[in-house]
4 protein chains.
Amino acid sequence: MTTKKIKFGIIGASGRLGSEVASVMNEAGHELVFQYDIDGEKISGEPELLIDCSLPIVFEKTLIYQKEYKTPLIVATTALSDQQIGSLKEISKKHAVVQSYNYSTGIQVLLKLTKIAFETLRDWDVEITETHHRFKKDKPSGTAKMIQEIVKEKNVNVSSLRLGNVAGDHTISFGGLGEVLSITHSATSRRTFAEGIQRSAEFIRNKKNGFYSFTDVIFGK
Amino acid sequence: MTTKKIKFGIIGASGRLGSEVASVMNEAGHELVFQYDIDGEKISGEPELLIDCSLPIVFEKTLIYQKEYKTPLIVATTALSDQQIGSLKEISKKHAVVQSYNYSTGIQVLLKLTKIAFETLRDWDVEITETHHRFKKDKPSGTAKMIQEIVKEKNVNVSSLRLGNVAGDHTISFGGLGEVLSITHSATSRRTFAEGIQRSAEFIRNKKNGFYSFTDVIFGK
Amino acid sequence: MTTKKIKFGIIGASGRLGSEVASVMNEAGHELVFQYDIDGEKISGEPELLIDCSLPIVFEKTLIYQKEYKTPLIVATTALSDQQIGSLKEISKKHAVVQSYNYSTGIQVLLKLTKIAFETLRDWDVEITETHHRFKKDKPSGTAKMIQEIVKEKNVNVSSLRLGNVAGDHTISFGGLGEVLSITHSATSRRTFAEGIQRSAEFIRNKKNGFYSFTDVIFGK
Amino acid sequence: MTTKKIKFGIIGASGRLGSEVASVMNEAGHELVFQYDIDGEKISGEPELLIDCSLPIVFEKTLIYQKEYKTPLIVATTALSDQQIGSLKEISKKHAVVQSYNYSTGIQVLLKLTKIAFETLRDWDVEITETHHRFKKDKPSGTAKMIQEIVKEKNVNVSSLRLGNVAGDHTISFGGLGEVLSITHSATSRRTFAEGIQRSAEFIRNKKNGFYSFTDVIFGK
């Protein structure tokens, strides 16, 4: 049996998420051979897989590197434009792509529960709130947008809070006359997301092509 | 078409829940013709349906009245013994019985979501908390026991809080390494339960016999 | 000793809060002799005290009645304009006035705690959220504005949620790097506010004049 | 002026808290010259200050080292016995000692707010809950005991939850008829505690002697 080690690269390697991913992948026996961030490139080998942990403004760079190395791609950048998502779908015809605004297992469960609750409680009010660290620039969070999408026929607002260095809390509440039902997810460390990315990496490494969400990674497509 | 009015009786008519049920049923056009509580009986007609909103110690009285009037029975009493549940099952061979520790729609959804979350998050920790008004005597609440039942292989503890006149809050939390997922239900008024009992009454009035839960009333059996 | 009964009037008598106030005052032995609401006037005596539980658009009526009866005045209307507050201050030169956007004891304590926390945690982030029933029109709630006022140098946003028939929840959160401190108040019934208004009525009935907040009623001026 | 660098030692250096303290103190320019943990001693110099981040069963070792090095002492161990606290008070006659079950600033504010709320809401119900990672052995947490101490005349229970790797949440709730007031503290990273210990170290380094709490470090004695 051949070794399972993946030689991988990170775009946005020195950021909060990028450095956590590097460390989790490293602990799992994979090898970081390519880095790109604000200080430029750092290359020690040819990556078999690329992970984008950067910002939408760097996205063009990600496309260039993917074109160069022709690898599967994992995208964790939030707040992508429709056009940027379009580029990913184009790539996915020839290479496997995983794209998600949130790589935690718990969020996947929250999305599933939200769907079920919404079906039963059609005439209840719905509210979404999200809390993140003060350094998070985009509002609402990509995850909140995924929740919003499920209940889109209700045109639900998202309340966005920015507090200290909170890793990420999301709540969806349903309110009827006489009762409130809420589902809340709290990330207690950024490591959760890095582990989800590792799981995605191991999931797509041998896939030929296709556009996958993290839901597909967890529950199958 | 004959009138849909139900002539009904309440055991525990003057209690918190009993008086709310009387008022909700009355608003819905039904007629209270039989009451039993600490002050004795008050009878103005023959009930077609009996609703028990009392305490386990009064339960023998409920059995006697049901035997006398031979009606369908709704039981909202919490903390029943196995033997008392047994008596209800016996009755249900000949008459329709609805028995639940919680008559709110939101709680039914919480139970369903709990089941799904538990299946996906098998190796996460589980905790249950319930908060009720200071006058609630039994601990844990009947609803908390229903939640506990779903995750019974984990032997989960229930933390019971007693505060002011809180109508009833229940939370189940799942904790993984790096994330917590919680589902919370808050009753904002006791009216919710009374409306669930009304819905149950209209559900079983024409049923021949059978033992139903409030889940059956909401989602069908 | 003379009787302590107050003959009082309510502007907005048939509304949610107005009818609760009528019932609480009645239980305390006071007598409702004047009512004004959408159906017009209902007068059975001369009020010694007026309570405004209506909406800002009815406020002119309140001023007219107060001028007519020359009584102390309690104002529970939210979302008053600066000019309307000005009119109340003018009245308070000759008659006692209590004005507050929230008549619950717990909210008074929340305001006090907020002040203390804010002094110690000057460089932490601050967020305010409020949740009310779907029928509440003004955003943010008057109470949220009172909390906002305490931390005004921070220019804090208020997230407003509208859910079912929630009586009223308010949370202020302080976020530092590594920790979050939150203070939450939940009204579990509208009766709380009615009891605060009763307490205010008994507080100002014998006051000559002056402009009082509910904080003054609870902690003294 | 001489350098402010402190040569310090840690008992329990390889534990969760110990290693975080080592890293925070190091970043602040202090020098770790002494370590004791499950693998034995590691000594590269003479400590001017000792920090105990271990468990009650190791406490005798801490006493021995303090006696040997004659330094100020910071104790972060939870669940100490009355006798162990007695030993610390004995030491504090000759050396400065800081002892606390929780070294976060937010918790100090929570304790202060709890005191004020309790004074105003004497006849309300009180409940305390604490949530920690599944590896925490003692129940209730030392911090919960500090909160309990403030409201001790009420004989308040603590509900202890163990979930995933939650760093530490504490809530105290006051419940009146019609309202609930809660104060919640969430540690979002263990670093908070390490920074509080660093602050304590810089606070006692030049104190002659005395027994200090972390409250004294924050608000002065």
# chains A, B, ... in the order shown; residues from 1 in each chain; ligands from 1
call {"tool": "closest_atom_pairs", "arguments": {"of": "chain C", "to": "chain A", "cutoff": "10 Å", "atoms": "only C-alpha atoms", "output": "Markdown table"}}
result
| residue | atom | partner | partner_atom | distance |
| --- | --- | --- | --- | --- |
| C:Asp123 | CA | A:Gly164 | CA | 10.0 |
| C:Trp124 | CA | A:Gly164 | CA | 6.9 |
| C:Asp125 | CA | A:Leu163 | CA | 5.5 |
| C:Val126 | CA | A:Leu163 | CA | 6.9 |
| C:Glu127 | CA | A:Leu161 | CA | 6.5 |
| C:Ile128 | CA | A:Leu161 | CA | 8.6 |
| C:Thr129 | CA | A:Ser159 | CA | 8.7 |
| C:Thr131 | CA | A:Glu127 | CA | 9.8 |
| C:His133 | CA | A:Leu177 | CA | 8.6 |
| C:Arg134 | CA | A:Asp125 | CA | 7.8 |
| C:Asn157 | CA | A:Leu161 | CA | 8.8 |
| C:Val158 | CA | A:Ser159 | CA | 9.0 |
| C:Ser159 | CA | A:Ser159 | CA | 5.7 |
| C:Ser160 | CA | A:Ser159 | CA | 7.7 |
| C:Leu161 | CA | A:Glu127 | CA | 6.5 |
| C:Arg162 | CA | A:Asp125 | CA | 7.4 |
| C:Leu163 | CA | A:Gly175 | CA | 4.6 |
| C:Gly164 | CA | A:Gly175 | CA | 4.3 |
| C:Asn165 | CA | A:Leu177 | CA | 5.2 |
| C:Val166 | CA | A:Gly178 | CA | 7.6 |
| C:Ala167 | CA | A:Gly178 | CA | 9.9 |
| C:Ser173 | CA | A:Leu163 | CA | 8.0 |
| C:Phe174 | CA | A:Leu163 | CA | 7.0 |
| C:Gly175 | CA | A:Gly164 | CA | 4.3 |
| C:Gly176 | CA | A:Gly164 | CA | 4.4 |
| C:Leu177 | CA | A:Gly164 | CA | 4.7 |
| C:Gly178 | CA | A:Asn165 | CA | 6.1 |
| C:Glu179 | CA | A:Gly164 | CA | 7.1 |
| C:Val180 | CA | A:Gly164 | CA | 7.2 |
call {"tool": "write_last_selection", "arguments": {"atoms": "N, CA and C atoms", "output": "short mmCIF file (atom, residue, chain, number, x, y, z; two decimals), in the first residue's frame"}}
result
data_model
loop_
_atom_site.label_atom_id
_atom_site.label_comp_id
_atom_site.auth_asym_id
_atom_site.auth_seq_id
_atom_site.Cartn_x
_atom_site.Cartn_y
_atom_site.Cartn_z
N ASP C 123 -12.26 48.72 27.67
CA ASP C 123 -11.72 48.44 26.33
C ASP C 123 -12.30 47.17 25.70
N TRP C 124 -13.36 46.63 26.31
CA TRP C 124 -14.00 45.45 25.72
C TRP C 124 -15.05 45.90 24.70
N ASP C 125 -15.40 45.01 23.77
CA ASP C 125 -16.48 45.30 22.83
C ASP C 125 -17.83 45.18 23.55
N VAL C 126 -18.83 45.89 23.04
CA VAL C 126 -20.15 45.85 23.66
C VAL C 126 -21.22 45.60 22.59
N GLU C 127 -22.16 44.73 22.88
CA GLU C 127 -23.28 44.46 21.98
C GLU C 127 -24.56 44.37 22.81
N ILE C 128 -25.66 44.85 22.25
CA ILE C 128 -26.97 44.78 22.91
C ILE C 128 -27.95 44.05 21.98
N THR C 129 -28.72 43.13 22.54
CA THR C 129 -29.80 42.51 21.76
C THR C 129 -31.11 42.58 22.55
N THR C 131 -35.30 41.01 22.30
CA THR C 131 -36.28 40.17 21.62
C THR C 131 -37.67 40.46 22.17
N HIS C 133 -42.21 40.20 21.16
CA HIS C 133 -43.29 39.62 20.36
C HIS C 133 -43.41 40.32 19.00
N ARG C 134 -43.95 39.59 18.04
CA ARG C 134 -44.05 40.06 16.66
C ARG C 134 -44.93 41.30 16.49
N ASN C 157 -24.45 49.27 18.71
CA ASN C 157 -25.62 48.86 17.96
C ASN C 157 -26.57 48.02 18.81
N VAL C 158 -27.84 48.02 18.44
CA VAL C 158 -28.80 47.12 19.07
C VAL C 158 -29.34 46.16 18.01
N SER C 159 -29.27 44.87 18.26
CA SER C 159 -29.90 43.89 17.38
C SER C 159 -31.30 43.61 17.92
N SER C 160 -32.31 43.79 17.07
CA SER C 160 -33.71 43.62 17.50
C SER C 160 -34.30 42.38 16.87
N LEU C 161 -34.80 41.46 17.68
CA LEU C 161 -35.45 40.25 17.18
C LEU C 161 -36.93 40.29 17.52
N ARG C 162 -37.76 39.80 16.61
CA ARG C 162 -39.21 39.75 16.84
C ARG C 162 -39.66 38.30 16.70
N LEU C 163 -40.12 37.71 17.81
CA LEU C 163 -40.42 36.27 17.83
C LEU C 163 -41.70 35.97 18.61
N GLY C 164 -42.66 35.35 17.97
CA GLY C 164 -43.86 34.86 18.65
C GLY C 164 -44.47 35.89 19.58
N ASN C 165 -44.73 35.49 20.83
CA ASN C 165 -45.26 36.46 21.79
C ASN C 165 -44.35 36.63 23.01
N VAL C 166 -43.05 36.61 22.74
CA VAL C 166 -42.05 36.84 23.80
C VAL C 166 -42.37 38.16 24.51
N ALA C 167 -42.44 38.13 25.85
CA ALA C 167 -42.81 39.33 26.61
C ALA C 167 -41.71 40.38 26.55
N SER C 173 -23.76 42.35 26.22
CA SER C 173 -22.58 41.49 26.27
C SER C 173 -21.32 42.32 26.14
N PHE C 174 -20.33 41.97 26.96
CA PHE C 174 -19.02 42.60 26.90
C PHE C 174 -18.03 41.53 26.45
N GLY C 175 -17.24 41.83 25.41
CA GLY C 175 -16.31 40.82 24.90
C GLY C 175 -14.86 41.27 24.96
N GLY C 176 -14.05 40.57 25.72
CA GLY C 176 -12.61 40.82 25.76
C GLY C 176 -11.89 39.72 24.99
N LEU C 177 -10.58 39.81 24.88
CA LEU C 177 -9.86 38.75 24.19
C LEU C 177 -9.75 37.57 25.12
N GLY C 178 -10.57 36.56 24.89
CA GLY C 178 -10.53 35.37 25.72
C GLY C 178 -11.72 35.20 26.64
N GLU C 179 -12.63 36.17 26.69
CA GLU C 179 -13.79 36.00 27.57
C GLU C 179 -14.94 36.91 27.16
N VAL C 180 -16.15 36.46 27.50
CA VAL C 180 -17.36 37.24 27.24
C VAL C 180 -18.17 37.28 28.53
#
call {"tool": "residues_around", "arguments": {"residues": "segment 57-65 of chain A", "least_positions_apart": "4", "cutoff": "8 Å", "atoms": "only C-alpha atoms", "output": "ChimeraX atom specification"}}
result
/A:11,52,69,84
call {"tool": "select_by_dssp", "arguments": {"residues": "segment 105-159 of chain D", "states": "alpha helix (DSSP H)", "output": "PyMOL selection string"}}
result
chain D and resi 105-120+142-150
call {"tool": "write_last_selection", "arguments": {"atoms": "N, CA and C atoms", "output": "short mmCIF file (atom, residue, chain, number, x, y, z; two decimals), in the first residue's frame"}}
result
data_model
loop_
_atom_site.label_atom_id
_atom_site.label_comp_id
_atom_site.auth_asym_id
_atom_site.auth_seq_id
_atom_site.Cartn_x
_atom_site.Cartn_y
_atom_site.Cartn_z
N THR D 105 -10.40 38.32 34.44
CA THR D 105 -10.95 39.63 34.82
C THR D 105 -12.48 39.59 34.80
N GLY D 106 -13.03 38.96 33.77
CA GLY D 106 -14.48 38.90 33.63
C GLY D 106 -15.14 38.22 34.82
N ILE D 107 -14.52 37.18 35.34
CA ILE D 107 -15.09 36.50 36.51
C ILE D 107 -15.08 37.43 37.72
N GLN D 108 -14.03 38.24 37.85
CA GLN D 108 -14.00 39.20 38.97
C GLN D 108 -15.18 40.16 38.87
N VAL D 109 -15.48 40.60 37.64
CA VAL D 109 -16.63 41.50 37.45
C VAL D 109 -17.93 40.74 37.75
N LEU D 110 -18.02 39.49 37.28
CA LEU D 110 -19.22 38.69 37.58
C LEU D 110 -19.45 38.58 39.09
N LEU D 111 -18.39 38.37 39.85
CA LEU D 111 -18.53 38.23 41.30
C LEU D 111 -19.07 39.54 41.91
N LYS D 112 -18.55 40.66 41.40
CA LYS D 112 -18.98 41.96 41.91
C LYS D 112 -20.46 42.20 41.58
N LEU D 113 -20.85 41.92 40.35
CA LEU D 113 -22.24 42.12 39.93
C LEU D 113 -23.18 41.21 40.72
N THR D 114 -22.72 39.98 40.96
CA THR D 114 -23.53 39.03 41.72
C THR D 114 -23.87 39.59 43.09
N LYS D 115 -22.86 40.17 43.73
CA LYS D 115 -23.05 40.74 45.08
C LYS D 115 -24.15 41.81 45.04
N ILE D 116 -24.07 42.71 44.05
CA ILE D 116 -25.02 43.83 43.95
C ILE D 116 -26.43 43.32 43.63
N ALA D 117 -26.53 42.40 42.69
CA ALA D 117 -27.84 41.87 42.31
C ALA D 117 -28.49 41.18 43.51
N PHE D 118 -27.69 40.41 44.23
CA PHE D 118 -28.21 39.65 45.36
C PHE D 118 -28.76 40.57 46.45
N GLU D 119 -28.09 41.70 46.67
CA GLU D 119 -28.56 42.65 47.69
C GLU D 119 -29.94 43.23 47.34
N THR D 120 -30.18 43.48 46.04
CA THR D 120 -31.44 44.10 45.63
C THR D 120 -32.56 43.07 45.47
N GLY D 142 -14.23 25.40 41.10
CA GLY D 142 -13.80 26.34 42.15
C GLY D 142 -14.47 27.69 41.99
N THR D 143 -14.64 28.13 40.76
CA THR D 143 -15.29 29.41 40.49
C THR D 143 -16.75 29.39 40.93
N ALA D 144 -17.42 28.29 40.64
CA ALA D 144 -18.82 28.16 41.06
C ALA D 144 -18.92 28.26 42.58
N LYS D 145 -17.91 27.69 43.26
CA LYS D 145 -17.90 27.78 44.73
C LYS D 145 -17.75 29.23 45.19
N MET D 146 -16.94 30.01 44.47
CA MET D 146 -16.79 31.43 44.82
C MET D 146 -18.12 32.16 44.66
N ILE D 147 -18.87 31.83 43.60
CA ILE D 147 -20.17 32.47 43.38
C ILE D 147 -21.15 32.04 44.48
N GLN D 148 -21.14 30.75 44.77
CA GLN D 148 -22.00 30.16 45.81
C GLN D 148 -21.77 30.86 47.16
N GLU D 149 -20.52 31.17 47.44
CA GLU D 149 -20.14 31.79 48.70
C GLU D 149 -20.85 33.14 48.88
N ILE D 150 -21.02 33.87 47.77
CA ILE D 150 -21.65 35.21 47.84
C ILE D 150 -23.12 35.11 48.25
#
call {"tool": "residues_around", "arguments": {"residues": "Ile183 of chain C", "least_positions_apart": "5", "cutoff": "7 Å", "atoms": "only C-alpha atoms", "output": "list in words"}}
result
Leu110, Thr171, Ile172 and Ser173 of chain C; Ser182, Ile183 and Thr184 of chain D
call {"tool": "select_by_dssp", "arguments": {"residues": "segment 11-220 of chain B", "states": "strand (DSSP E or B)", "output": "NGL selection string"}}
result
:B and (11 or 31-37 or 40-43 or 49-52 or 73-75 or 96-99 or 125-132 or 158-162 or 169-176 or 179-187 or 210-212)
call {"tool": "residues_around", "arguments": {"residues": "Gln198 of chain B", "least_positions_apart": "6", "cutoff": "8 Å", "atoms": "only C-alpha atoms", "output": "number ranges by chain"}}
result
B: 21, 24-25
call {"tool": "residues_around", "arguments": {"residues": "segment 41-51 of chain A", "least_positions_apart": "6", "cutoff": "9 Å", "atoms": "only C-alpha atoms", "output": "list in words"}}
result
Ile6, Lys7, Phe8, Gly9, Ile10, Ile11, Gly12, Gly18, Val21, Glu31, Leu32, Val33, Phe34, Gln35, Thr62, Tyr65, Gln66, Tyr69, Lys70, Thr71, Pro72, Leu73, Ile74, Val75, Ala76, Ile197, Ala201 and Arg205 of chain A
